$ cat my_file_38.cif   # mmCIF, C-alpha atoms
data_run
loop_
_atom_site.label_atom_id
_atom_site.label_comp_id
_atom_site.auth_asym_id
_atom_site.auth_seq_id
_atom_site.Cartn_x
_atom_site.Cartn_y
_atom_site.Cartn_z
CA MET A 229 0.00 0.00 0.00
CA LYS A 230 2.76 2.39 0.99
CA ILE A 231 4.75 1.42 -2.09
CA LEU A 232 1.70 2.02 -4.26
CA PHE A 233 1.31 5.47 -2.72
CA TRP A 234 4.98 6.19 -3.37
CA PHE A 235 4.69 5.04 -6.94
CA LEU A 236 1.46 6.83 -7.85
CA ILE A 237 1.51 10.09 -5.89
CA ILE A 238 4.67 11.23 -4.11
CA PRO A 239 7.41 10.91 -5.31
CA GLY A 240 6.11 8.85 -8.19
CA PHE A 241 3.79 9.56 -11.07
CA LEU A 242 1.92 12.69 -9.95
CA PHE A 243 4.91 14.52 -8.46
CA THR A 244 7.34 13.58 -11.22
CA SER A 245 5.06 14.48 -14.08
CA THR A 246 3.99 17.77 -12.47
CA VAL A 247 7.56 18.92 -11.84
CA GLY A 248 8.60 17.53 -15.22
CA LEU A 249 5.91 19.50 -17.04
CA LEU A 250 6.97 22.63 -15.15
CA ALA A 251 10.57 21.95 -16.21
CA SER A 252 9.48 21.55 -19.80
CA TRP A 253 7.70 24.91 -19.50
CA ILE A 254 10.96 26.46 -18.29
CA ASP A 255 12.68 24.86 -21.28
CA ARG A 256 10.14 26.28 -23.74
CA LYS A 257 10.06 29.70 -22.09
CA VAL A 258 13.85 30.08 -22.01
CA THR A 259 14.04 28.91 -25.63
CA ALA A 260 11.47 31.55 -26.54
CA ARG A 261 13.37 34.25 -24.66
CA VAL A 262 16.63 33.25 -26.36
CA GLN A 263 14.85 33.66 -29.70
CA TRP A 264 13.51 37.05 -28.55
CA ARG A 265 9.93 35.78 -28.33
CA VAL A 266 7.46 35.93 -25.42
CA GLY A 267 6.86 32.22 -25.02
CA PRO A 268 3.95 30.14 -23.72
CA PRO A 269 2.15 30.64 -20.39
CA VAL A 270 3.06 28.53 -17.32
CA LEU A 271 0.20 26.07 -17.68
CA GLN A 272 0.84 25.38 -21.36
CA PRO A 273 2.39 21.89 -21.00
CA PHE A 274 -0.48 20.81 -18.72
CA ILE A 275 -3.06 22.13 -21.19
CA ASP A 276 -1.31 20.30 -24.03
CA VAL A 277 -1.50 17.00 -22.16
CA VAL A 278 -5.16 17.48 -21.19
CA LYS A 279 -5.99 18.34 -24.78
CA LEU A 280 -4.21 15.28 -26.13
CA LEU A 281 -6.09 13.08 -23.64
CA GLY A 282 -9.34 14.35 -25.14
CA LYS A 283 -8.39 13.69 -28.75
CA GLU A 284 -9.23 10.70 -30.86
CA THR A 285 -6.71 7.84 -30.77
CA ILE A 286 -6.03 6.50 -34.23
CA LEU A 287 -4.63 3.02 -34.84
CA PRO A 288 -2.91 2.85 -38.22
CA ARG A 289 -3.93 -0.16 -40.28
CA THR A 290 -0.31 -1.26 -40.74
CA ALA A 291 0.52 -1.00 -37.05
CA ASP A 292 1.02 -3.87 -34.63
CA LYS A 293 -1.79 -2.85 -32.28
CA ILE A 294 -0.62 -4.28 -28.96
CA THR A 295 3.00 -3.15 -29.21
CA PHE A 296 1.90 0.21 -30.59
CA LEU A 297 -0.25 0.89 -27.53
CA THR A 298 1.94 -0.65 -24.80
CA ALA A 299 5.19 1.05 -25.87
CA PRO A 300 4.38 4.52 -24.47
CA VAL A 301 3.07 3.05 -21.19
CA LEU A 302 6.29 1.06 -20.77
CA GLY A 303 8.38 4.22 -21.03
CA LEU A 304 6.23 6.17 -18.58
CA VAL A 305 6.19 3.33 -16.03
CA SER A 306 9.96 2.91 -16.09
CA ILE A 307 10.72 6.62 -15.80
CA THR A 308 8.24 6.90 -12.90
CA LEU A 309 9.92 3.92 -11.24
CA ILE A 310 13.34 5.58 -11.54
CA SER A 311 12.05 8.77 -9.99
CA THR A 312 10.36 6.86 -7.16
CA ILE A 313 13.50 4.88 -6.34
CA LEU A 314 15.68 8.00 -6.45
CA TRP A 315 13.47 10.05 -4.14
CA VAL A 316 12.95 7.25 -1.68
CA MET A 317 16.76 6.92 -1.52
CA ILE A 318 17.13 10.66 -1.02
CA ALA A 319 14.60 10.61 1.82
CA ASP A 320 16.25 7.62 3.50
CA PRO A 321 19.68 6.46 2.21
CA LYS A 322 19.46 3.24 4.23
CA VAL A 323 16.66 1.85 2.07
CA GLY A 324 17.82 0.03 -1.02
CA PHE A 325 19.75 -3.06 -1.94
CA LEU A 326 23.14 -4.00 -3.33
CA GLY A 327 23.25 -3.13 -7.01
CA ASP A 328 20.32 -0.71 -7.19
CA LEU A 329 22.50 1.65 -9.24
CA ILE A 330 22.69 -1.03 -11.96
CA VAL A 331 18.91 -1.34 -11.91
CA LEU A 332 18.57 2.40 -12.41
CA VAL A 333 21.04 2.46 -15.30
CA TYR A 334 19.05 -0.30 -16.99
CA LEU A 335 15.72 1.42 -16.32
CA LEU A 336 17.09 4.66 -17.77
CA ALA A 337 17.49 2.92 -21.13
CA ILE A 338 13.86 1.77 -21.25
CA PRO A 339 12.24 5.09 -22.31
CA SER A 340 14.46 5.07 -25.41
CA ILE A 341 13.58 1.43 -26.02
CA SER A 342 9.89 2.26 -25.74
CA VAL A 343 10.34 4.94 -28.39
CA ILE A 344 12.09 2.38 -30.62
CA MET A 345 9.31 -0.17 -30.06
CA GLY A 346 6.61 2.38 -30.80
CA GLY A 347 8.38 3.58 -33.92
CA PHE A 348 8.83 0.12 -35.39
CA ALA A 349 5.33 -0.99 -34.39
CA SER A 350 3.62 1.93 -36.09
CA GLY A 351 4.38 0.57 -39.57
CA ASN A 352 5.37 3.93 -40.97
CA PRO A 353 8.62 4.13 -42.99
CA ILE A 354 9.56 7.50 -41.52
CA ALA A 355 8.94 6.18 -38.01
CA SER A 356 11.19 3.22 -38.81
CA ILE A 357 14.01 5.53 -39.86
CA GLY A 358 13.55 7.51 -36.66
CA ALA A 359 13.51 4.36 -34.55
CA SER A 360 16.66 3.01 -36.16
CA ARG A 361 18.40 6.32 -35.52
CA GLU A 362 17.24 6.19 -31.90
CA MET A 363 18.71 2.69 -31.63
CA LYS A 364 22.09 3.79 -33.00
CA LEU A 365 22.06 6.75 -30.64
CA LEU A 366 21.26 4.46 -27.69
CA LEU A 367 24.15 2.17 -28.60
CA SER A 368 26.53 5.09 -28.94
CA TYR A 369 25.81 6.97 -25.71
CA GLU A 370 25.35 3.99 -23.36
CA LEU A 371 29.08 3.15 -23.37
CA PRO A 372 30.40 6.51 -22.11
CA PHE A 373 27.38 6.87 -19.81
CA VAL A 374 28.06 3.58 -18.04
CA LEU A 375 31.78 4.43 -17.83
CA ALA A 376 30.88 7.77 -16.26
CA VAL A 377 28.58 6.06 -13.75
CA PHE A 378 31.54 3.81 -12.83
CA VAL A 379 33.50 6.74 -11.44
CA PRO A 380 31.35 7.40 -8.32
CA VAL A 381 31.27 3.65 -7.66
CA ILE A 382 35.08 3.47 -7.74
CA LYS A 383 35.31 6.51 -5.50
CA ALA A 384 32.89 4.93 -3.03
CA GLY A 385 35.17 1.93 -2.77
CA GLY A 386 33.34 -0.37 -5.16
CA ILE A 387 29.99 -0.42 -3.41
CA ILE A 388 27.15 -0.29 -5.93
CA ARG A 389 24.47 1.23 -3.71
CA ILE A 390 22.93 4.65 -4.15
CA GLY A 391 22.42 5.04 -0.40
CA GLU A 392 26.13 4.38 0.13
CA LEU A 393 27.07 6.92 -2.57
CA LEU A 394 24.84 9.51 -0.90
CA SER A 395 26.20 8.98 2.62
CA ILE A 396 29.84 9.03 1.43
CA GLN A 397 29.19 12.27 -0.45
CA ALA A 398 27.50 13.72 2.62
CA GLN A 399 30.68 13.05 4.66
CA SER A 400 33.47 13.96 2.23
CA GLY A 401 31.90 16.34 -0.30
CA ALA A 402 30.37 15.73 -3.70
CA PHE A 403 32.22 13.57 -6.22
CA ALA A 404 32.05 16.38 -8.78
CA THR A 405 34.54 18.40 -6.71
CA ASN A 406 37.36 15.97 -7.66
CA ILE A 407 39.01 16.10 -11.07
CA SER A 408 37.89 12.62 -12.10
CA GLY A 409 34.36 13.16 -10.78
CA PHE A 410 34.12 16.44 -12.65
CA ILE A 411 35.23 14.87 -15.95
CA ALA A 412 32.72 12.08 -15.43
CA LEU A 413 30.00 14.66 -14.74
CA VAL A 414 30.80 16.46 -18.01
CA VAL A 415 30.61 13.15 -19.90
CA ALA A 416 27.33 12.31 -18.17
CA ILE A 417 25.87 15.72 -19.08
CA ILE A 418 26.68 15.15 -22.75
CA CYS A 419 25.11 11.68 -22.59
CA MET A 420 22.10 13.12 -20.76
CA GLN A 421 21.50 15.51 -23.66
CA ALA A 422 21.33 12.48 -25.97
CA LYS A 423 19.16 10.54 -23.52
CA LEU A 424 16.66 13.39 -23.44
CA ALA A 425 16.78 13.50 -27.26
CA LEU A 426 17.34 17.25 -27.32
CA VAL A 427 19.31 19.29 -29.86
CA PRO A 428 22.11 18.54 -30.95
CA PHE A 429 21.17 14.86 -30.56
CA ASP A 430 17.51 14.97 -31.63
CA MET A 431 18.10 13.30 -34.99
CA ALA A 432 15.67 10.52 -34.04
CA GLU A 433 12.68 12.84 -34.16
CA ALA A 434 14.19 15.58 -36.28
CA GLU A 435 11.21 17.85 -36.81
CA THR A 436 12.31 19.24 -40.13
CA GLU A 437 13.28 16.00 -41.87
CA LEU A 438 11.54 13.12 -40.08
CA ILE A 439 8.58 15.23 -38.82
CA GLY A 440 8.41 13.60 -35.41
CA GLY A 441 10.21 10.35 -36.20
CA PRO A 442 9.03 7.41 -34.09
CA ILE A 443 6.02 9.29 -32.71
CA ILE A 444 4.73 10.36 -36.12
CA GLU A 445 1.74 7.98 -36.09
CA TYR A 446 0.77 8.59 -32.48
CA SER A 447 -2.26 10.68 -31.65
CA GLY A 448 -4.43 11.35 -28.63
CA THR A 449 -3.73 9.50 -25.38
CA PRO A 450 -0.56 7.57 -26.43
CA LEU A 451 0.98 10.82 -27.67
CA ALA A 452 0.09 12.45 -24.33
CA ILE A 453 1.86 9.59 -22.55
CA PHE A 454 4.95 10.13 -24.72
CA LYS A 455 4.88 13.84 -23.89
CA LEU A 456 4.57 13.00 -20.17
CA THR A 457 7.48 10.56 -20.44
CA ARG A 458 9.59 13.20 -22.13
CA ALA A 459 8.69 15.76 -19.46
CA SER A 460 9.35 13.31 -16.61
CA MET A 461 12.75 12.51 -18.12
CA LEU A 462 13.60 16.19 -18.13
CA PHE A 463 13.15 16.03 -14.35
CA THR A 464 14.44 12.56 -13.53
CA VAL A 465 17.65 12.22 -15.54
CA PRO A 466 19.21 15.45 -14.15
CA MET A 467 18.09 14.32 -10.67
CA PHE A 468 19.96 11.05 -11.23
CA LEU A 469 23.13 13.00 -12.00
CA VAL A 470 22.56 15.25 -8.97
CA VAL A 471 22.31 12.17 -6.78
CA ILE A 472 25.34 10.24 -8.02
CA PHE A 473 27.71 13.14 -8.79
CA MET A 474 26.64 16.25 -6.93
CA GLY A 475 25.79 14.99 -3.47
CA GLY A 476 22.04 14.61 -3.80
CA ILE A 477 19.46 16.66 -1.97
CA VAL A 478 19.28 17.02 1.79
CA LEU A 479 15.63 17.20 2.84
CA SER A 480 16.03 19.94 5.47
CA PHE A 481 15.67 23.68 5.20
CA PRO A 482 18.94 25.08 3.78
CA GLY A 483 19.84 21.77 2.12
CA ILE A 484 16.75 21.54 -0.04
CA ILE A 485 17.40 24.96 -1.59
CA TRP A 486 20.94 23.86 -2.50
CA GLY A 487 19.48 20.70 -3.99
CA ILE A 488 17.00 22.63 -6.12
CA LEU A 489 19.80 24.95 -7.25
CA LYS A 490 21.86 21.93 -8.35
CA TYR A 491 18.92 20.68 -10.43
CA VAL A 492 18.29 24.13 -11.91
CA LEU A 493 21.98 24.41 -12.82
CA LEU A 494 21.78 21.16 -14.82
CA LEU A 495 18.51 22.28 -16.43
CA VAL A 496 20.09 25.59 -17.48
CA ILE A 497 23.04 23.71 -19.00
CA ILE A 498 20.62 21.48 -20.93
CA VAL A 499 18.64 24.45 -22.25
CA LEU A 500 21.78 26.37 -23.19
CA ILE A 501 23.27 23.43 -25.10
CA ARG A 502 19.92 22.95 -26.82
CA ASN A 503 19.68 26.55 -27.93
CA THR A 504 23.21 27.11 -29.13
CA ASN A 505 23.75 24.03 -31.28
CA PRO A 506 22.58 22.73 -34.63
CA ARG A 507 21.45 19.14 -35.07
CA ILE A 508 24.28 16.79 -36.06
CA ARG A 509 24.02 13.72 -38.28
CA ILE A 510 23.67 10.25 -36.79
CA ASP A 511 27.12 9.10 -38.01
CA GLN A 512 28.68 12.20 -36.48
CA ALA A 513 26.93 11.43 -33.22
CA VAL A 514 28.22 7.84 -33.11
CA LYS A 515 31.75 9.06 -33.92
CA PHE A 516 31.47 11.74 -31.26
CA PHE A 517 30.31 9.37 -28.53
CA TRP A 518 32.63 6.48 -29.32
CA GLY A 519 35.56 8.82 -29.97
CA PRO A 520 36.24 11.86 -27.76
CA VAL A 521 33.51 11.25 -25.17
CA THR A 522 34.54 7.64 -24.50
CA VAL A 523 38.19 8.69 -24.26
CA LEU A 524 37.21 11.33 -21.70
CA ALA A 525 35.17 8.76 -19.78
CA ILE A 526 38.06 6.26 -19.74
CA LEU A 527 40.37 9.05 -18.57
CA ALA A 528 37.95 9.76 -15.71
CA VAL A 529 37.85 6.07 -14.74
CA VAL A 530 41.67 5.83 -14.77
CA LEU A 531 41.98 9.01 -12.70
CA ALA A 532 39.44 7.65 -10.25
CA PHE A 533 41.47 4.43 -9.88
CA ILE A 534 44.60 6.49 -9.18
CA GLY A 535 42.57 8.41 -6.64
CA VAL A 536 42.59 11.95 -8.02
CA MET B 181 -18.19 23.89 -22.38
CA SER B 182 -16.30 20.71 -21.58
CA ILE B 183 -12.73 20.74 -20.25
CA LYS B 184 -11.71 18.90 -23.42
CA MET B 185 -12.85 21.78 -25.62
CA LYS B 186 -11.34 24.38 -23.27
CA ALA B 187 -7.95 22.68 -23.48
CA LEU B 188 -8.27 22.45 -27.26
CA LEU B 189 -8.84 26.21 -27.49
CA LYS B 190 -5.78 26.89 -25.34
CA SER B 191 -3.41 24.70 -27.32
CA PRO B 192 -4.38 24.37 -30.97
CA TRP B 193 -1.57 22.58 -32.80
CA VAL B 194 -1.45 23.62 -36.39
CA PHE B 195 -0.73 21.38 -39.36
CA HIS B 196 0.19 23.09 -42.55
CA LEU B 197 -1.54 21.50 -45.55
CA CYS B 198 -0.27 22.96 -48.80
CA SER B 199 -2.00 21.81 -51.94
CA GLY B 200 -1.05 23.54 -55.13
CA SER B 201 -0.25 26.88 -53.57
CA CYS B 202 2.37 29.28 -54.91
CA ASN B 203 4.18 29.16 -51.54
CA ASN B 204 3.36 32.75 -50.72
CA CYS B 205 0.72 31.95 -48.12
CA ASP B 206 3.04 29.30 -46.64
CA ILE B 207 5.74 31.87 -46.04
CA GLU B 208 3.21 34.17 -44.41
CA ILE B 209 2.14 31.31 -42.13
CA LEU B 210 5.76 30.77 -41.11
CA ASP B 211 5.94 34.49 -40.38
CA CYS B 212 3.47 33.94 -37.55
CA LEU B 213 6.14 31.96 -35.70
CA THR B 214 8.71 34.75 -35.84
CA PRO B 215 9.48 36.89 -32.78
CA ARG B 216 7.30 39.70 -34.13
CA TYR B 217 4.06 37.71 -33.95
CA ASP B 218 5.03 34.64 -31.84
CA ILE B 219 1.88 32.51 -31.85
CA GLU B 220 3.40 30.20 -29.26
CA ARG B 221 2.11 32.77 -26.74
CA PHE B 222 -1.34 31.28 -27.36
CA GLY B 223 -0.06 27.72 -27.22
CA MET B 224 -0.11 27.27 -30.97
CA LEU B 225 2.61 25.04 -32.35
CA LEU B 226 3.41 24.10 -35.91
CA VAL B 227 3.51 20.28 -35.97
CA GLY B 228 4.95 18.13 -38.71
CA SER B 229 2.61 15.15 -38.51
CA VAL B 230 -1.10 15.36 -39.22
CA ARG B 231 -1.76 12.86 -36.40
CA HIS B 232 -0.78 15.56 -33.90
CA ALA B 233 -2.85 18.32 -35.48
CA ASP B 234 -5.91 20.17 -34.18
CA VAL B 235 -6.08 22.80 -36.90
CA LEU B 236 -5.47 22.24 -40.60
CA LEU B 237 -4.24 25.37 -42.34
CA CYS B 238 -5.01 24.75 -46.01
CA THR B 239 -3.31 26.91 -48.61
CA GLY B 240 -3.56 26.91 -52.36
CA VAL B 241 -6.12 26.05 -54.93
CA VAL B 242 -6.90 22.34 -54.77
CA ASN B 243 -6.04 20.90 -58.17
CA LYS B 244 -7.45 17.70 -59.60
CA LEU B 245 -4.52 15.55 -58.49
CA GLY B 246 -4.49 17.02 -55.01
CA GLU B 247 -8.18 16.56 -54.32
CA SER B 248 -8.05 12.96 -53.11
CA ARG B 249 -4.88 13.65 -51.12
CA VAL B 250 -6.43 16.60 -49.28
CA LYS B 251 -9.40 14.42 -48.42
CA ARG B 252 -7.15 11.66 -47.14
CA VAL B 253 -5.07 14.01 -45.02
CA TYR B 254 -8.28 15.35 -43.49
CA GLN B 255 -9.42 11.82 -42.70
CA GLN B 256 -6.07 11.05 -41.07
CA ALA B 257 -6.35 13.95 -38.64
CA PRO B 258 -7.66 12.97 -35.20
CA LYS B 259 -11.01 14.58 -34.42
CA PRO B 260 -11.99 17.14 -33.12
CA CYS B 261 -10.16 19.00 -35.86
CA VAL B 262 -10.96 22.29 -37.56
CA VAL B 263 -10.04 23.51 -41.02
CA VAL B 264 -8.93 27.02 -41.96
CA ALA B 265 -8.66 28.09 -45.59
CA VAL B 266 -5.78 30.56 -45.92
CA GLY B 267 -5.56 32.84 -48.91
CA ASN B 268 -7.81 33.70 -51.82
CA CYS B 269 -6.97 30.49 -53.68
CA ALA B 270 -8.17 28.21 -50.91
CA ALA B 271 -11.19 30.40 -50.23
CA SER B 272 -12.46 30.95 -53.77
CA GLN B 273 -9.96 29.54 -56.31
CA HIS B 274 -9.02 33.16 -57.12
CA ILE B 275 -7.50 33.60 -60.62
CA TYR B 276 -7.37 29.87 -61.23
CA ARG B 277 -11.13 29.46 -61.38
CA GLY B 278 -12.05 27.59 -64.56
CA SER B 279 -8.52 26.37 -65.21
CA TYR B 280 -8.16 22.89 -66.71
CA ALA B 281 -6.09 21.74 -63.74
CA VAL B 282 -8.53 22.86 -61.06
CA GLY B 283 -11.33 20.69 -59.78
CA LYS B 284 -13.66 21.36 -56.91
CA PRO B 285 -13.05 24.26 -54.49
CA LEU B 286 -11.61 23.35 -51.09
CA ASP B 287 -14.88 23.68 -49.16
CA GLU B 288 -16.53 21.08 -51.36
CA VAL B 289 -13.71 18.61 -50.69
CA ILE B 290 -13.51 18.99 -46.90
CA PRO B 291 -15.63 21.05 -44.46
CA VAL B 292 -14.03 24.48 -43.91
CA ASP B 293 -14.63 26.45 -40.70
CA VAL B 294 -12.97 29.79 -41.41
CA TYR B 295 -11.85 31.60 -44.58
CA ILE B 296 -8.95 34.04 -44.47
CA PRO B 297 -8.88 36.07 -47.72
CA GLY B 298 -5.82 37.88 -49.03
CA CYS B 299 -3.15 37.23 -51.61
CA PRO B 300 -1.27 36.48 -49.47
CA PRO B 301 -3.04 37.34 -46.18
CA LYS B 302 -0.93 39.28 -43.72
CA PRO B 303 0.24 37.41 -40.61
CA GLU B 304 -2.05 39.71 -38.61
CA ALA B 305 -4.96 38.55 -40.75
CA ILE B 306 -4.08 34.90 -40.20
CA ILE B 307 -3.89 35.39 -36.43
CA LEU B 308 -7.20 37.31 -36.51
CA GLY B 309 -8.77 34.49 -38.48
CA VAL B 310 -7.65 31.90 -35.95
CA VAL B 311 -8.89 34.09 -33.08
CA LYS B 312 -12.28 34.34 -34.78
CA LEU B 313 -12.31 30.59 -35.22
CA LEU B 314 -11.62 30.10 -31.51
CA GLU B 315 -14.44 32.52 -30.64
CA LYS B 316 -16.77 30.57 -32.91
CA LEU B 317 -15.81 27.34 -31.20
CA LYS B 318 -16.29 28.95 -27.77
CA LYS B 319 -19.88 29.84 -28.64
CA GLY B 320 -20.45 26.24 -29.56
#

$ encode --input "my_file_38.cif" --output "structure tokens"
Amino acid sequence: MKILFWFLIIPGFLFTSTVGLLASWIDRKVTARVQWRVGPPVLQPFIDVVKLLGKETILPRTADKITFLTAPVLGLVSITLISTILWVMIADPKVGFLGDLIVLVYLLAIPSISVIMGGFASGNPIASIGASREMKLLLSYELPFVLAVFVPVIKAGGIIRIGELLSIQAQSGAFATNISGFIALVVAIICMQAKLALVPFDMAEAETELIGGPIIEYSGTPLAIFKLTRASMLFTVPMFLVVIFMGGIVLSFPGIIWGILKYVLLLVIIVLIRNTNPRIRIDQAVKFFWGPVTVLAILAVVLAFIGV
Amino acid sequence: MSIKMKALLKSPWVFHLCSGSCNNCDIEILDCLTPRYDIERFGMLLVGSVRHADVLLCTGVVNKLGESRVKRVYQQAPKPCVVVAVGNCAASQHIYRGSYAVGKPLDEVIPVDVYIPGCPPKPEAIILGVVKLLEKLKKG
């Protein structure tokens, strides 16, 4: 019962999607201000989702019906689960089990996989191109991302538990204050941009060439679920980095403000990267992630082993 | 008015359906997104896929080849969905009336809710047309 409450209300579905939609409003507003526009009102993402819930849901004749409809739900469930686990850990670092970090890294890949599933199931050639690009992107950024996640584990003495990472950071300062931790954080931020499928790594749903990519055939409720997933990711993935690199959030009065500032810092970095870069091609992205970014990540791992 | 309709009025996503237009109206539609007019203030977004659309902005005179395509695109849009005819061509076939390439006018192919005349209509006129459409929907 308690777990159900955690999952559905706080800090699960309701909390995550509300904060995520607010974050996506900040993203849209800042983008508008950068382009010298006024931008949408605060409630705009909420209105969009409510509107999409009220629209007709169309099943394309060529689509595989069951996969087409379950794919968005899968993504939303996994991202909600990540957020729930993270916040329960933040509230009480002693909860958790050995290896929960590995579970989170796996769960973080599932929203992308749900997009791939939905794209291939919709039976649209453009969606298939988008889904295959998403798959290549997933393969390219997972390697440096996992290497970057290694660094805090090495620094914590090889214990793969988020609670342990949090308590060690609470005693001896955030991992990002070391050289190796900082390099790993930079790598993780670049991978996060690809995970969130934002410019410059949005080639999967490139609006101008693939007109939405994998989600091209979605309408109504499934599209709303995809939008919610995207918004929740905008909240959850930076929170994941805050927890494993930047010391997490302390749920007391001055600590919580610091925690929010850490999240806002990451959000600002995301929005700035998004607004100052063009979209790159998929082959350039694979080269970029397997080349310089992986080298940086390996450097961080080696430095962490040395103890810098 | 239901909450569904209210939300629709606050975030109409626009799909741009160009059928045999000279591209002038299309450029004026894109002008609406520029900082000077910025229709995202009202929650309007230009979407690429017709499955995401709430408003179809139709430009151009519908020629004989385009007729069936326009009909199909309209059928692919999830309902509720409204149609706006932008420009003289879409509204009344303009100078192409009686041409060998031109079949039925747009409003005989699909139901049109609002006409925005002009060759091309100014961005202000397009925004005014959409505002009038929203008022019409508000009344029921």

$ residues_around --input "my_file_38.cif" --residues "Phe348 of chain A" --least-positions-apart "3" --cutoff "10 Å" --atoms "all atoms listed in the file" --output "ChimeraX atom specification"
/A:291-292,295-296,342-345,351-360,442-443

$ resolve_selection --input "my_file_38.cif" --expression "the PyMOL selection byres ((chain B) within 8 of (chain A))" --output "list in words"
Lys184, Met185, Ala187, Leu188, Lys190, Ser191, Thr214, Pro215, Arg216, Asp218, Glu220, Arg221, Phe222, Gly223, Val227, Gly228, Ser229, Arg231, His232, Pro258, Lys259 and Pro260 of chain B

$ residues_around --input "my_file_38.cif" --residues "segment 395-411 of chain A" --least-positions-apart "2" --cutoff "6 Å" --atoms "only C-alpha atoms" --output "MDAnalysis selection string"
chainID A and resid 392:393 413:414 473:475 528 531:532

$ closest_residue --input "my_file_38.cif" --among "A:Gly327, A:Gly483, A:Pro520, A:Gly248" --to "Ile387 of chain A" --atoms "only C-alpha atoms"
A:Gly327

$ resolve_selection --input "my_file_38.cif" --expression "the PyMOL selection byres ((chain B and resi 243) around 9)" --output "PyMOL selection string"
chain B and resi 199-200+240-242+244-247+281-285

$ residues_around --input "my_file_38.cif" --residues "segment 293-296 of chain B" --least-positions-apart "6" --cutoff "7 Å" --atoms "all atoms listed in the file" --output "list in words"
Val262, Val263, Val264, Ala265, Val266, Gly267, Ala271, Ile306, Gly309 and Leu313 of chain B

$ write_last_selection --input "my_file_38.cif" --atoms "C-alpha atoms" --output "PDB file, keeping the file's coordinate frame"
ATOM      1  CA  VAL B 262     -10.960  22.290 -37.560  1.00  0.00           C
ATOM      2  CA  VAL B 263     -10.040  23.510 -41.020  1.00  0.00           C
ATOM      3  CA  VAL B 264      -8.930  27.020 -41.960  1.00  0.00           C
ATOM      4  CA  ALA B 265      -8.660  28.090 -45.590  1.00  0.00           C
ATOM      5  CA  VAL B 266      -5.780  30.560 -45.920  1.00  0.00           C
ATOM      6  CA  GLY B 267      -5.560  32.840 -48.910  1.00  0.00           C
ATOM      7  CA  ALA B 271     -11.190  30.400 -50.230  1.00  0.00           C
ATOM      8  CA  ILE B 306      -4.080  34.900 -40.200  1.00  0.00           C
ATOM      9  CA  GLY B 309      -8.770  34.490 -38.480  1.00  0.00           C
ATOM     10  CA  LEU B 313     -12.310  30.590 -35.220  1.00  0.00           C
TER      11      LEU B 313
END

$ atom_distance --input "my_file_38.cif" --atom1 "atom CA of Leu371 of chain A" --atom2 "atom CA of Val529 of chain A"
12.6 Å

$ axis_aligned_box --input "my_file_38.cif" --around "segment 514-531 of chain A" --padding-each-side "3 Å" --output "lines of an AutoDock Vina configuration file"
center_x = 35.1
center_y = 8.8
center_z = -23.3
size_x = 19.8
size_y = 12.0
size_z = 27.2
